[in-house]
$ cat structure-v8.txt   # compact mmCIF, C-alpha atoms
# COMPACT_ATOMS: atom_id res chain seq x y z
CA MET A 1 0.00 0.00 0.00
CA SER A 2 1.03 3.67 0.09
CA THR A 3 1.37 6.44 2.63
CA SER A 4 -1.59 8.31 1.15
CA SER A 5 -3.86 5.23 1.27
CA VAL A 6 -3.11 4.71 4.98
CA ARG A 7 -3.66 8.43 5.64
CA ASN A 8 -6.97 8.50 3.75
CA LEU A 9 -8.21 5.37 5.51
CA GLY A 10 -7.35 6.93 8.86
CA ILE A 11 -9.32 10.07 7.98
CA ARG A 12 -12.36 7.94 7.02
CA LEU A 13 -12.21 5.71 10.11
CA THR A 14 -11.94 8.65 12.53
CA ALA A 15 -14.77 10.64 10.96
CA ASP A 16 -17.00 9.39 13.82
CA ARG A 17 -14.49 10.97 16.27
CA GLU A 18 -13.40 7.59 17.58
CA LEU A 19 -10.68 5.09 16.72
CA ASP A 20 -11.60 1.67 18.08
CA LEU A 21 -10.06 -1.80 17.89
CA ASN A 22 -11.86 -2.72 14.65
CA ASP A 23 -10.53 0.47 13.03
CA ALA A 24 -7.01 -0.42 14.19
CA GLU A 25 -7.28 -3.92 12.72
CA GLU A 26 -8.39 -2.47 9.37
CA LEU A 27 -5.46 -0.03 9.34
CA VAL A 28 -2.89 -2.76 10.13
CA ALA A 29 -4.39 -4.91 7.37
CA GLU A 30 -4.14 -1.97 4.95
CA VAL A 31 -0.39 -1.67 5.65
CA GLY A 32 0.24 -5.33 4.80
CA GLY A 33 3.33 -7.47 5.37
CA THR A 34 5.88 -4.65 5.00
CA MET A 35 5.56 -0.89 5.20
CA SER A 36 7.29 2.30 4.19
CA SER A 37 8.57 4.78 6.76
CA GLY A 38 5.72 7.08 5.71
CA GLU A 39 3.09 4.42 6.42
CA ALA A 40 4.62 3.78 9.83
CA ARG A 41 4.57 7.51 10.51
CA GLU A 42 0.85 7.66 9.62
CA LEU A 43 0.04 4.95 12.17
CA PHE A 44 1.83 6.93 14.86
CA ASN A 45 0.16 10.18 13.77
CA LEU A 46 -3.24 8.57 14.33
CA ILE A 47 -2.25 7.73 17.91
CA LEU A 48 -0.70 11.11 18.65
CA ALA A 49 -3.55 13.26 17.27
CA PRO A 50 -4.95 15.95 19.62
CA LYS A 51 -7.62 14.56 21.97
CA ASP A 52 -10.20 17.07 20.74
CA GLU A 53 -10.13 15.56 17.22
CA TYR A 54 -11.13 12.01 18.18
CA VAL A 55 -10.76 9.46 20.97
CA VAL A 56 -8.28 6.56 20.62
CA GLY A 57 -9.28 3.47 22.58
CA ASP A 58 -6.57 1.86 24.71
CA ASP A 59 -6.88 -1.47 22.89
CA ALA A 60 -6.79 0.33 19.53
CA GLN A 61 -3.59 2.16 20.48
CA THR A 62 -1.92 -1.05 21.63
CA ARG A 63 -2.92 -2.80 18.38
CA LEU A 64 -1.56 0.01 16.18
CA LEU A 65 1.73 0.15 18.08
CA ASN A 66 2.06 -3.62 18.01
CA GLY A 67 1.31 -3.66 14.29
CA ALA A 68 3.82 -0.90 13.60
CA TYR A 69 6.64 -2.41 15.63
CA THR A 70 6.22 -5.94 14.28
CA THR A 71 5.93 -4.98 10.60
CA PRO A 72 9.35 -4.55 8.95
CA VAL A 73 10.15 -1.35 7.08
CA ARG A 74 10.91 -1.99 3.43
CA ASP A 75 14.60 -1.94 2.52
CA GLY A 76 15.79 1.10 0.63
CA ASP A 77 12.90 3.26 1.80
CA ASN A 78 13.38 7.04 1.73
CA THR A 79 14.93 8.80 4.72
CA LYS A 80 12.33 11.55 5.05
CA TYR A 81 11.55 10.32 8.55
CA ASP A 82 15.13 9.56 9.64
CA ALA A 83 14.70 10.36 13.35
CA PHE A 84 11.36 8.58 13.52
CA ILE A 85 12.71 5.44 11.83
CA LYS A 86 15.64 5.30 14.25
CA ARG A 87 13.18 5.33 17.14
CA TYR A 88 11.03 2.74 15.44
CA GLN A 89 13.98 0.43 14.85
CA LYS A 90 15.16 0.73 18.47
CA ALA A 91 11.71 -0.11 19.82
CA SER A 92 11.30 -3.02 17.42
CA ALA A 93 14.73 -4.35 18.43
CA LEU A 94 13.90 -4.14 22.17
CA LEU A 95 10.69 -6.10 21.69
CA SER A 96 12.55 -8.72 19.64
CA GLN A 97 15.28 -9.02 22.29
CA MET A 98 12.76 -9.69 25.02
CA GLU A 99 10.94 -12.18 22.80
CA ARG A 100 14.23 -14.07 22.34
CA GLY A 101 14.76 -14.21 26.10
CA GLU A 102 17.38 -11.47 26.39
CA HIS A 103 17.28 -9.15 29.43
CA ALA A 104 16.73 -12.27 31.54
CA TYR A 105 17.11 -10.20 34.72
CA LEU A 106 13.61 -8.78 34.20
CA SER A 107 10.87 -10.03 36.51
CA PRO A 108 7.45 -10.63 34.89
CA GLU A 109 6.23 -7.30 36.32
CA GLN A 110 9.29 -5.42 35.05
CA ARG A 111 8.90 -6.93 31.58
CA ALA A 112 5.26 -5.89 31.56
CA ASN A 113 6.30 -2.33 32.47
CA VAL A 114 8.80 -2.20 29.59
CA GLU A 115 6.21 -3.53 27.14
CA LYS A 116 3.64 -1.03 28.46
CA ALA A 117 6.06 1.85 27.91
CA ILE A 118 6.55 0.82 24.27
CA LEU A 119 3.18 -0.62 23.22
CA LYS A 120 0.72 1.33 25.33
CA ASP A 121 2.43 4.64 26.05
CA ASN A 122 4.58 4.90 22.90
CA ASN A 123 7.46 5.85 25.21
CA LEU A 124 10.56 4.21 23.76
CA GLY A 125 12.96 6.34 25.80
CA GLY A 126 11.15 5.40 28.98
CA ALA A 127 11.47 1.70 28.09
CA ILE A 128 15.22 2.14 27.58
CA ALA A 129 15.50 3.79 31.02
CA LEU A 130 13.53 0.98 32.65
CA LEU A 131 15.77 -1.68 31.12
CA GLN A 132 18.84 0.16 32.41
CA VAL A 133 17.67 0.69 35.99
CA TYR A 134 16.21 -2.80 36.22
CA SER A 135 19.68 -4.16 35.38
CA GLY A 136 20.86 -2.67 38.68
CA GLU A 137 24.13 -1.38 37.21
CA SER A 138 24.93 2.21 36.26
CA PHE A 139 26.94 3.23 33.21
CA ALA A 140 29.83 3.79 35.63
CA LYS A 141 29.56 0.11 36.72
CA THR A 142 28.23 1.00 40.17
CA THR A 143 25.10 -0.29 41.89
CA ILE A 144 21.95 1.76 41.34
CA PRO A 145 20.22 2.36 44.71
CA PRO A 146 16.72 0.81 45.03
CA ALA A 147 15.25 4.27 45.70
CA VAL A 148 16.54 5.45 42.30
CA VAL A 149 15.19 2.34 40.54
CA SER A 150 11.76 2.89 42.11
CA LEU A 151 11.75 6.59 41.22
CA VAL A 152 12.68 6.04 37.56
CA GLU A 153 10.06 3.29 37.31
CA LYS A 154 7.37 5.50 38.84
CA THR A 155 8.10 8.49 36.62
CA VAL A 156 8.38 6.49 33.39
CA LEU A 157 5.01 4.85 34.08
CA ALA A 158 3.71 8.40 34.59
CA GLY A 159 5.01 9.40 31.15
CA ALA A 160 8.57 10.64 31.76
CA GLU A 161 10.78 10.15 28.73
CA ALA A 162 14.48 9.41 28.26
CA TYR A 163 15.68 11.18 25.11
CA ASP A 164 18.54 10.82 22.65
CA VAL A 165 20.15 14.25 22.74
CA ARG A 166 21.62 13.73 19.26
CA GLU A 167 18.17 13.52 17.72
CA VAL A 168 17.37 16.19 15.13
CA ARG A 169 14.28 17.16 13.18
CA ARG A 170 14.25 18.82 9.79
CA TYR A 171 12.25 22.02 9.52
CA ASP A 172 11.32 24.18 6.54
CA THR A 173 13.69 27.16 6.54
CA LYS A 174 13.81 30.05 4.10
CA THR A 175 16.99 31.51 2.63
CA GLU A 176 17.51 35.24 2.10
CA ASN A 177 16.29 34.69 -1.47
CA GLY A 178 13.02 33.20 -0.23
CA GLU A 179 13.90 29.63 -1.18
CA THR A 180 12.75 26.89 1.20
CA PHE A 181 15.00 24.06 2.33
CA GLN A 182 14.96 21.44 5.09
CA ALA A 183 17.34 22.48 7.88
CA PRO A 184 18.24 20.13 10.75
CA ARG A 185 17.61 21.36 14.29
CA GLY A 186 18.35 19.62 17.58
CA MET A 187 15.13 18.46 19.25
CA TRP A 188 16.49 18.45 22.77
CA SER A 189 19.42 20.86 22.61
CA PRO A 190 21.00 23.38 20.23
CA TYR A 191 24.25 21.45 20.84
CA PRO A 192 23.53 17.83 19.80
CA GLN A 193 27.14 16.78 20.40
CA ALA A 194 28.49 13.26 20.21
CA ALA A 195 31.31 12.67 22.72
CA LEU A 196 33.15 9.55 23.84
CA PRO A 197 33.52 8.25 27.43
CA TYR A 198 37.29 8.67 27.58
CA ASP A 199 39.73 10.49 29.91
CA SER A 200 37.88 13.29 31.76
CA LEU A 201 34.58 12.16 30.19
CA ARG A 202 34.72 8.67 31.66
CA PHE A 203 31.42 7.77 33.29
CA ASP A 204 33.14 7.09 36.61
CA TYR A 205 34.83 10.53 36.50
CA THR A 206 31.76 12.62 35.65
CA MET A 207 29.32 10.72 37.89
CA ILE A 208 28.72 12.49 41.18
CA THR A 209 27.31 11.07 44.41
CA PRO A 210 27.25 12.35 48.00
CA GLU A 211 30.15 10.00 48.72
CA LYS A 212 32.26 11.42 45.89
CA LEU A 213 31.61 14.97 47.10
CA GLU A 214 32.68 13.96 50.59
CA GLU A 215 35.84 12.33 49.21
CA ASP A 216 36.59 15.48 47.23
CA ALA A 217 36.29 17.62 50.35
CA LYS A 218 38.68 15.33 52.24
CA ASN A 219 41.21 15.42 49.39
CA MET A 220 41.19 19.20 49.20
CA ALA A 221 41.87 19.40 52.96
CA ASP A 222 44.74 16.89 52.81
CA PRO A 223 48.24 18.53 52.69
CA ASN A 224 49.51 15.47 50.78
CA PHE A 225 46.92 15.88 48.01
CA GLU A 226 48.37 17.59 44.91
CA TYR A 227 46.18 19.04 42.18
CA THR A 228 46.32 21.41 39.23
CA ILE A 229 44.21 24.55 39.17
CA LYS A 230 43.47 26.99 36.35
CA THR A 231 44.78 30.45 37.20
CA GLY A 232 43.90 32.44 34.08
CA THR A 233 44.81 32.69 30.40
CA ARG A 234 47.68 34.00 28.31
CA SER A 235 48.63 34.51 24.67
CA TYR A 236 51.41 32.73 22.82
CA SER A 237 54.73 34.53 23.27
CA GLU A 238 56.45 36.00 20.21
CA HIS A 239 59.09 33.28 20.52
CA GLU A 240 56.44 30.52 20.56
CA ILE A 241 54.69 32.00 17.52
CA GLN A 242 57.86 32.27 15.44
CA GLU A 243 58.94 28.79 16.48
CA GLN A 244 55.67 27.29 15.21
CA LEU A 245 55.73 29.34 12.00
CA ASP A 246 59.32 28.26 11.30
CA GLU A 247 58.28 24.64 11.72
CA LEU A 248 55.41 25.10 9.25
CA ARG A 249 57.75 26.71 6.70
CA SER A 250 60.17 23.78 7.06
CA PHE A 251 57.52 21.42 5.69
CA GLY A 252 57.85 23.14 2.33
CA TYR A 253 54.26 22.94 1.13
CA TYR A 254 52.56 25.89 2.89
CA SER A 255 52.32 29.17 0.98
CA GLU A 256 53.08 32.50 2.67
CA SER A 257 49.34 33.19 2.55
CA ASP A 258 48.77 30.00 4.55
CA ILE A 259 51.51 30.98 6.99
CA LYS A 260 49.89 34.38 7.58
CA GLY A 261 46.59 32.66 8.27
CA PHE A 262 48.24 30.38 10.83
CA GLU A 263 49.96 33.39 12.41
CA LYS A 264 46.64 35.21 12.77
CA ASP A 265 45.10 32.17 14.49
CA LEU A 266 48.07 31.83 16.85
CA ARG A 267 47.92 35.49 17.85
CA GLU A 268 44.20 35.22 18.61
CA THR A 269 44.48 31.97 20.58
CA ARG A 270 44.27 32.07 24.36
CA LEU A 271 45.99 29.42 26.48
CA VAL A 272 44.93 28.34 29.96
CA THR A 273 47.54 28.93 32.64
CA THR A 274 47.75 26.46 35.51
CA GLU A 275 49.74 25.83 38.63
CA LYS A 276 50.27 22.91 41.00
CA ARG A 277 48.86 23.23 44.50
CA GLN A 278 48.42 21.08 47.57
CA GLY A 279 45.40 20.62 49.78
CA SER A 280 45.04 22.37 53.11
CA LEU A 281 42.40 22.96 55.74
CA ASN A 282 41.91 26.46 54.31
CA THR A 283 41.39 25.26 50.72
CA ARG A 284 38.08 26.18 49.13
CA GLY A 285 36.34 24.33 46.30
CA GLY A 286 36.09 20.83 47.74
CA ALA A 287 32.58 19.26 47.52
CA SER A 288 31.42 22.27 45.48
CA ILE A 289 30.12 22.50 41.92
CA SER A 290 29.87 25.82 40.11
CA SER A 291 29.96 27.32 36.63
CA ALA A 292 33.15 27.07 34.58
CA TYR A 293 33.48 28.34 31.03
CA ASP A 294 36.22 29.57 28.74
CA GLU A 295 37.25 29.25 25.11
CA ALA A 296 40.97 28.93 25.73
CA VAL A 297 43.15 25.95 24.81
CA HIS A 298 43.60 23.38 27.61
CA GLU A 299 46.66 21.22 28.05
CA ASP A 300 45.39 19.54 31.25
CA VAL A 301 41.78 18.35 30.90
CA TYR A 302 41.73 17.40 34.59
CA ALA A 303 42.67 20.88 35.88
CA ARG A 304 40.28 22.26 38.47
CA GLY A 305 38.39 25.51 38.01
CA GLN A 306 39.64 28.79 39.41
CA ARG A 307 37.47 28.30 42.50
CA GLY A 308 38.99 24.87 43.07
CA GLN A 309 35.96 22.95 41.79
CA LYS A 310 36.50 19.55 40.16
CA TRP A 311 33.25 19.69 38.17
CA ALA A 312 31.41 22.39 36.23
CA ASN A 313 27.71 22.95 36.93
CA ASN A 314 26.55 21.63 33.54
CA PHE A 315 24.82 18.41 34.52
CA ALA A 316 22.63 15.60 33.25
CA ILE A 317 20.66 12.67 34.62
CA LEU A 318 21.26 9.68 32.37
CA ALA A 319 18.82 6.88 31.58
CA ASP A 320 20.23 4.81 34.46
CA GLY A 321 19.19 7.55 36.91
CA SER A 322 22.81 8.55 37.62
CA VAL A 323 23.87 12.19 38.02
CA HIS A 324 26.80 13.53 35.96
CA CYS A 325 28.63 16.86 35.69
CA LEU A 326 31.14 18.07 33.12
CA PRO A 327 34.78 18.34 34.23
CA ALA A 328 35.73 21.85 35.33
CA SER A 329 38.04 22.26 32.34
CA ARG A 330 35.16 21.43 29.98
CA ARG A 331 37.53 19.75 27.57
CA SER A 332 38.28 16.17 26.61
CA GLN A 333 41.24 14.79 24.72
CA SER A 334 38.74 12.99 22.48
CA ALA A 335 36.71 16.12 21.64
CA ASP A 336 38.42 19.37 20.65
CA VAL A 337 35.40 21.55 21.46
CA VAL A 338 33.92 23.29 24.48
CA LEU A 339 31.92 20.55 26.18
CA THR A 340 28.23 21.19 26.89
CA CYS A 341 25.49 19.24 28.70
CA PRO A 342 24.80 16.96 25.69
CA SER A 343 28.45 15.84 25.81
CA LEU A 344 27.53 13.92 28.95
CA ALA A 345 25.24 11.55 27.01
CA ARG A 346 28.09 9.64 25.35
CA SER A 347 25.58 7.81 23.12
CA GLU A 348 23.25 7.01 26.04
CA HIS A 349 19.78 8.43 26.64
CA MET A 350 19.16 11.24 29.12
CA LEU A 351 16.30 11.82 31.54
CA TYR A 352 17.21 15.47 32.20
CA ASN A 353 19.88 18.11 31.68
CA GLY A 354 20.54 21.62 32.91
CA HIS A 355 22.64 23.24 35.66
CA LEU A 356 23.43 22.12 39.19
CA ASP A 357 25.09 24.24 41.89
CA VAL A 358 26.53 22.64 45.03
CA ARG A 359 28.19 24.50 47.89
CA GLU A 360 30.23 22.47 50.38
CA GLY A 361 28.21 19.33 49.72
CA VAL A 362 24.75 20.96 49.76
CA VAL A 363 22.68 21.42 46.57
CA VAL A 364 21.80 25.12 46.33
CA GLY A 365 20.53 25.44 42.77
CA VAL A 366 18.89 23.33 40.01
CA GLU A 367 17.99 24.70 36.58
CA MET A 368 16.30 23.04 33.59
CA SER A 369 17.77 23.70 30.13
CA GLY A 370 15.79 26.03 27.90
CA ARG A 371 14.74 23.63 25.17
CA LEU A 372 13.55 21.01 27.68
CA ALA A 373 11.70 23.61 29.75
CA LYS A 374 9.85 24.81 26.67
CA ARG A 375 8.93 21.27 25.56
CA ALA A 376 7.59 20.53 29.04
CA ALA A 377 5.58 23.77 29.18
CA GLU A 378 4.07 23.07 25.76
CA GLY A 379 2.99 19.60 26.84
CA LYS A 380 5.24 17.87 24.30
CA THR A 381 7.34 15.91 26.80
CA VAL A 382 7.22 14.83 30.45
CA PHE A 383 10.52 14.79 32.36
CA ILE A 384 11.68 13.37 35.68
CA ASP A 385 11.94 15.76 38.65
CA PRO A 386 15.72 16.28 39.12
CA ILE A 387 15.40 17.22 42.79
CA ALA A 388 13.61 13.93 43.48
CA VAL A 389 16.51 12.13 41.77
CA LEU A 390 19.11 13.97 43.84
CA LYS A 391 17.28 13.10 47.06
CA ALA A 392 16.94 9.46 45.99
CA TRP A 393 20.75 9.33 45.70
CA GLY A 394 21.08 10.84 49.18
CA PHE A 395 22.21 14.37 48.27
CA GLU A 396 21.47 17.09 50.81
CA VAL A 397 19.26 19.70 49.15
CA ALA A 398 18.76 23.14 50.69
CA ASP A 399 15.16 23.80 51.78
CA ASN A 400 14.65 26.77 49.46
CA VAL A 401 15.72 24.97 46.27
CA ASN A 402 13.15 24.55 43.49
CA VAL A 403 13.65 23.78 39.82
CA ARG A 404 14.30 26.96 37.83
CA PHE A 405 12.87 26.95 34.31
CA SER A 406 15.01 28.85 31.80
CA ASN A 407 12.28 28.97 29.13
CA ARG A 408 8.52 28.94 28.65
CA ALA A 409 5.94 28.09 26.01
CA GLU A 410 5.23 30.69 23.33
CA ASP A 411 2.08 31.79 25.20
CA GLY A 412 4.03 32.35 28.42
CA THR A 413 3.00 29.11 30.14
CA GLU A 414 5.65 27.71 32.49
CA ALA A 415 6.12 24.02 33.26
CA ILE A 416 5.31 22.71 36.73
CA VAL A 417 6.70 20.05 39.05
CA ASP A 418 3.96 17.52 39.76
CA PRO A 419 4.67 16.19 43.29
CA SER A 420 2.23 13.28 42.91
CA THR A 421 4.15 11.76 39.99
CA GLN A 422 7.53 13.45 40.69
CA THR A 423 7.65 14.67 37.09
CA ILE A 424 7.94 17.98 35.24
CA ARG A 425 5.05 18.62 32.87
CA ALA A 426 2.68 21.22 31.48
CA PRO A 427 0.04 22.54 33.89
CA SER A 428 -3.34 20.85 33.41

$ encode --input "structure-v8.txt" --output "structure tokens"
Amino acid sequence: MSTSSVRNLGIRLTADRELDLNDAEELVAEVGGTMSSGEARELFNLILAPKDEYVVGDDAQTRLLNGAYTTPVRDGDNTKYDAFIKRYQKASALLSQMERGEHAYLSPEQRANVEKAILKDNNLGGAIALLQVYSGESFAKTTIPPAVVSLVEKTVLAGAEAYDVREVRRYDTKTENGETFQAPRGMWSPYPQAALPYDSLRFDYTMITPEKLEEDAKNMADPNFEYTIKTGTRSYSEHEIQEQLDELRSFGYYSESDIKGFEKDLRETRLVTTEKRQGSLNTRGGASISSAYDEAVHEDVYARGQRGQKWANNFAILADGSVHCLPASRRSQSADVVLTCPSLARSEHMLYNGHLDVREGVVVGVEMSGRLAKRAAEGKTVFIDPIAVLKAWGFEVADNVNVRFSNRAEDGTEAIVDPSTQTIRAPS
């Protein structure tokens, strides 16, 4: 069949403002043994339509999702729905894995929750988070506390999603000449970075817990503890510039125009200056997390910030419920860019990202990133409450701390924290 035939059938079947099980069976039959990405998208559009257009029965939704996920997409199909097809393929693969007996650690109830997230709630990201927390092991190879497992389970069943921060959508964009083209835009962040879990971006280095904050405070007070701290920035000296330019000329294949371009870059480059220090009882910065940003070149990706902090306040909660912060130098040897919150994903799904401020072991500030805050306010996505996550890990949170939302919906609506489900969502 074709995309248009599935769309037209859906329009006819929902004319009575209801989509029931018989309608779903007819739609699945219309698709046939294989389907195009467009046909799959039409099935999902029928489920996701606004509630004021027509009512979708629970059994009808389950049948459509089951039909979509168990019908293979035809090879060589167009990539118009790239992001959607990637989601579809992940969900289909998870269902197949469980059917083959993989994820044997799942109890019958846990398996039912994963299947519900995919087939009833159309929440693939939530299913991925459930599988991770049910395994009991974090990405850093540590044990996930039962309180965190229970919280992630509760919020996913209430609609919270775990998202792939690399995901993009293509939107119609006009050039200065008025021509329209499809431009990619990050769904979850304007910085859909892909970073690797190496050196200062290892999961065990970026993951923070109350115990790691306490250890950091002890280290910074220990006179035998040596660390490197950033003290400022400098330019290349004239000697360093000429030395590098002479080396480039010695290669024999750079023109003088190229050399001048390199010289300009060298003169504009800022280098981070550092110095070695030792801990003391008067040292500040231990067990604290605060902002750290610069565009200078780093030679030591483990250097602490100028306030002595080991981690920057850019943070994320990954699909395993663990809390991670960027290193204070915001650089990695495997990524020659300024690291941002999405860098913490390292190909895994996220439950939340934003900013986290900690002073001497106590959480004093939590902010939600702008794009997530807007999606929540518009009712597009439900997110886990980060403060509930921090408390489940045992962090001490100051009494006056509430989630700060750095964006709103276009009409000015701001997202809310729902204490009954421990999620962030649009007000009802």

$ residues_near_point --input "structure-v8.txt" --point "(14.3, 15.9, 18.7)" --cutoff "9 Å" --atoms "all atoms listed in the file" --output "list of chain:residue names"
A:Ala83, A:Tyr163, A:Asp164, A:Val165, A:Arg166, A:Glu167, A:Val168, A:Arg169, A:Arg185, A:Gly186, A:Met187, A:Trp188, A:Ser189

$ residues_around --input "structure-v8.txt" --residues "Gly126 (chain A)" --least-positions-apart "3" --cutoff "6 Å" --atoms "all atoms listed in the file" --output "VMD selection string"
chain A and resid 123 129 156 161 to 162

$ closest_residue --input "structure-v8.txt" --among "A:Glu42, A:Glu99, A:Asp20, A:Asp258" --to "Gln61 (chain A)" --atoms "all atoms listed in the file"
A:Asp20

$ closest_residue --input "structure-v8.txt" --among "A:Ala328, A:Leu318, A:Val363, A:Val28" --to "Asp300 (chain A)" --atoms "only C-alpha atoms"
A:Ala328

$ residues_around --input "structure-v8.txt" --residues "Gln242 (chain A)" --least-positions-apart "4" --cutoff "12 Å" --atoms "all atoms listed in the file" --output "PyMOL selection string"
chain A and resi 236-238+246-249+259-260+262-264+266-267

$ build_atoms --input "structure-v8.txt" --residues "region 348-367 of chain A" --atoms "N, CA and C atoms" --output "mmCIF file, in the coordinates of the input"
data_model
loop_
_atom_site.group_PDB
_atom_site.id
_atom_site.type_symbol
_atom_site.label_atom_id
_atom_site.label_comp_id
_atom_site.auth_asym_id
_atom_site.auth_seq_id
_atom_site.Cartn_x
_atom_site.Cartn_y
_atom_site.Cartn_z
ATOM 1 N N GLU A 348 24.332 7.546 25.218
ATOM 2 C CA GLU A 348 23.250 7.010 26.040
ATOM 3 C C GLU A 348 22.097 8.019 26.085
ATOM 4 N N HIS A 349 20.926 7.541 26.504
ATOM 5 C CA HIS A 349 19.780 8.430 26.640
ATOM 6 C C HIS A 349 19.860 9.219 27.938
ATOM 7 N N MET A 350 19.210 10.375 27.948
ATOM 8 C CA MET A 350 19.160 11.240 29.120
ATOM 9 C C MET A 350 17.722 11.348 29.629
ATOM 10 N N LEU A 351 17.593 11.518 30.933
ATOM 11 C CA LEU A 351 16.300 11.820 31.540
ATOM 12 C C LEU A 351 16.117 13.315 31.779
ATOM 13 N N TYR A 352 17.274 14.048 31.836
ATOM 14 C CA TYR A 352 17.210 15.470 32.200
ATOM 15 C C TYR A 352 18.582 16.086 31.951
ATOM 16 N N ASN A 353 18.612 17.384 31.646
ATOM 17 C CA ASN A 353 19.880 18.110 31.680
ATOM 18 C C ASN A 353 19.639 19.591 31.972
ATOM 19 N N GLY A 354 20.665 20.215 32.532
ATOM 20 C CA GLY A 354 20.540 21.620 32.910
ATOM 21 C C GLY A 354 21.756 22.052 33.713
ATOM 22 N N HIS A 355 21.535 22.757 34.822
ATOM 23 C CA HIS A 355 22.640 23.240 35.660
ATOM 24 C C HIS A 355 22.390 22.873 37.119
ATOM 25 N N LEU A 356 23.484 22.550 37.787
ATOM 26 C CA LEU A 356 23.430 22.120 39.190
ATOM 27 C C LEU A 356 24.507 22.858 39.967
ATOM 28 N N ASP A 357 24.125 23.534 41.043
ATOM 29 C CA ASP A 357 25.090 24.240 41.890
ATOM 30 C C ASP A 357 25.115 23.596 43.277
ATOM 31 N N VAL A 358 26.333 23.281 43.726
ATOM 32 C CA VAL A 358 26.530 22.640 45.030
ATOM 33 C C VAL A 358 27.558 23.453 45.803
ATOM 34 N N ARG A 359 27.257 23.754 47.056
ATOM 35 C CA ARG A 359 28.190 24.500 47.890
ATOM 36 C C ARG A 359 28.502 23.678 49.136
ATOM 37 N N GLU A 360 29.762 23.255 49.240
ATOM 38 C CA GLU A 360 30.230 22.470 50.380
ATOM 39 C C GLU A 360 29.311 21.284 50.665
ATOM 40 N N GLY A 361 28.980 20.561 49.592
ATOM 41 C CA GLY A 361 28.210 19.330 49.720
ATOM 42 C C GLY A 361 26.708 19.486 49.719
ATOM 43 N N VAL A 362 26.203 20.719 49.721
ATOM 44 C CA VAL A 362 24.750 20.960 49.760
ATOM 45 C C VAL A 362 24.287 21.521 48.412
ATOM 46 N N VAL A 363 23.242 20.922 47.830
ATOM 47 C CA VAL A 363 22.680 21.420 46.570
ATOM 48 C C VAL A 363 21.964 22.728 46.825
ATOM 49 N N VAL A 364 22.391 23.791 46.116
ATOM 50 C CA VAL A 364 21.800 25.120 46.330
ATOM 51 C C VAL A 364 21.120 25.669 45.087
ATOM 52 N N GLY A 365 21.180 24.949 43.979
ATOM 53 C CA GLY A 365 20.530 25.440 42.770
ATOM 54 C C GLY A 365 20.363 24.352 41.731
ATOM 55 N N VAL A 366 19.171 24.279 41.087
ATOM 56 C CA VAL A 366 18.890 23.330 40.010
ATOM 57 C C VAL A 366 18.120 24.067 38.921
ATOM 58 N N GLU A 367 18.637 24.025 37.703
ATOM 59 C CA GLU A 367 17.990 24.700 36.580
ATOM 60 C C GLU A 367 17.745 23.709 35.452
#
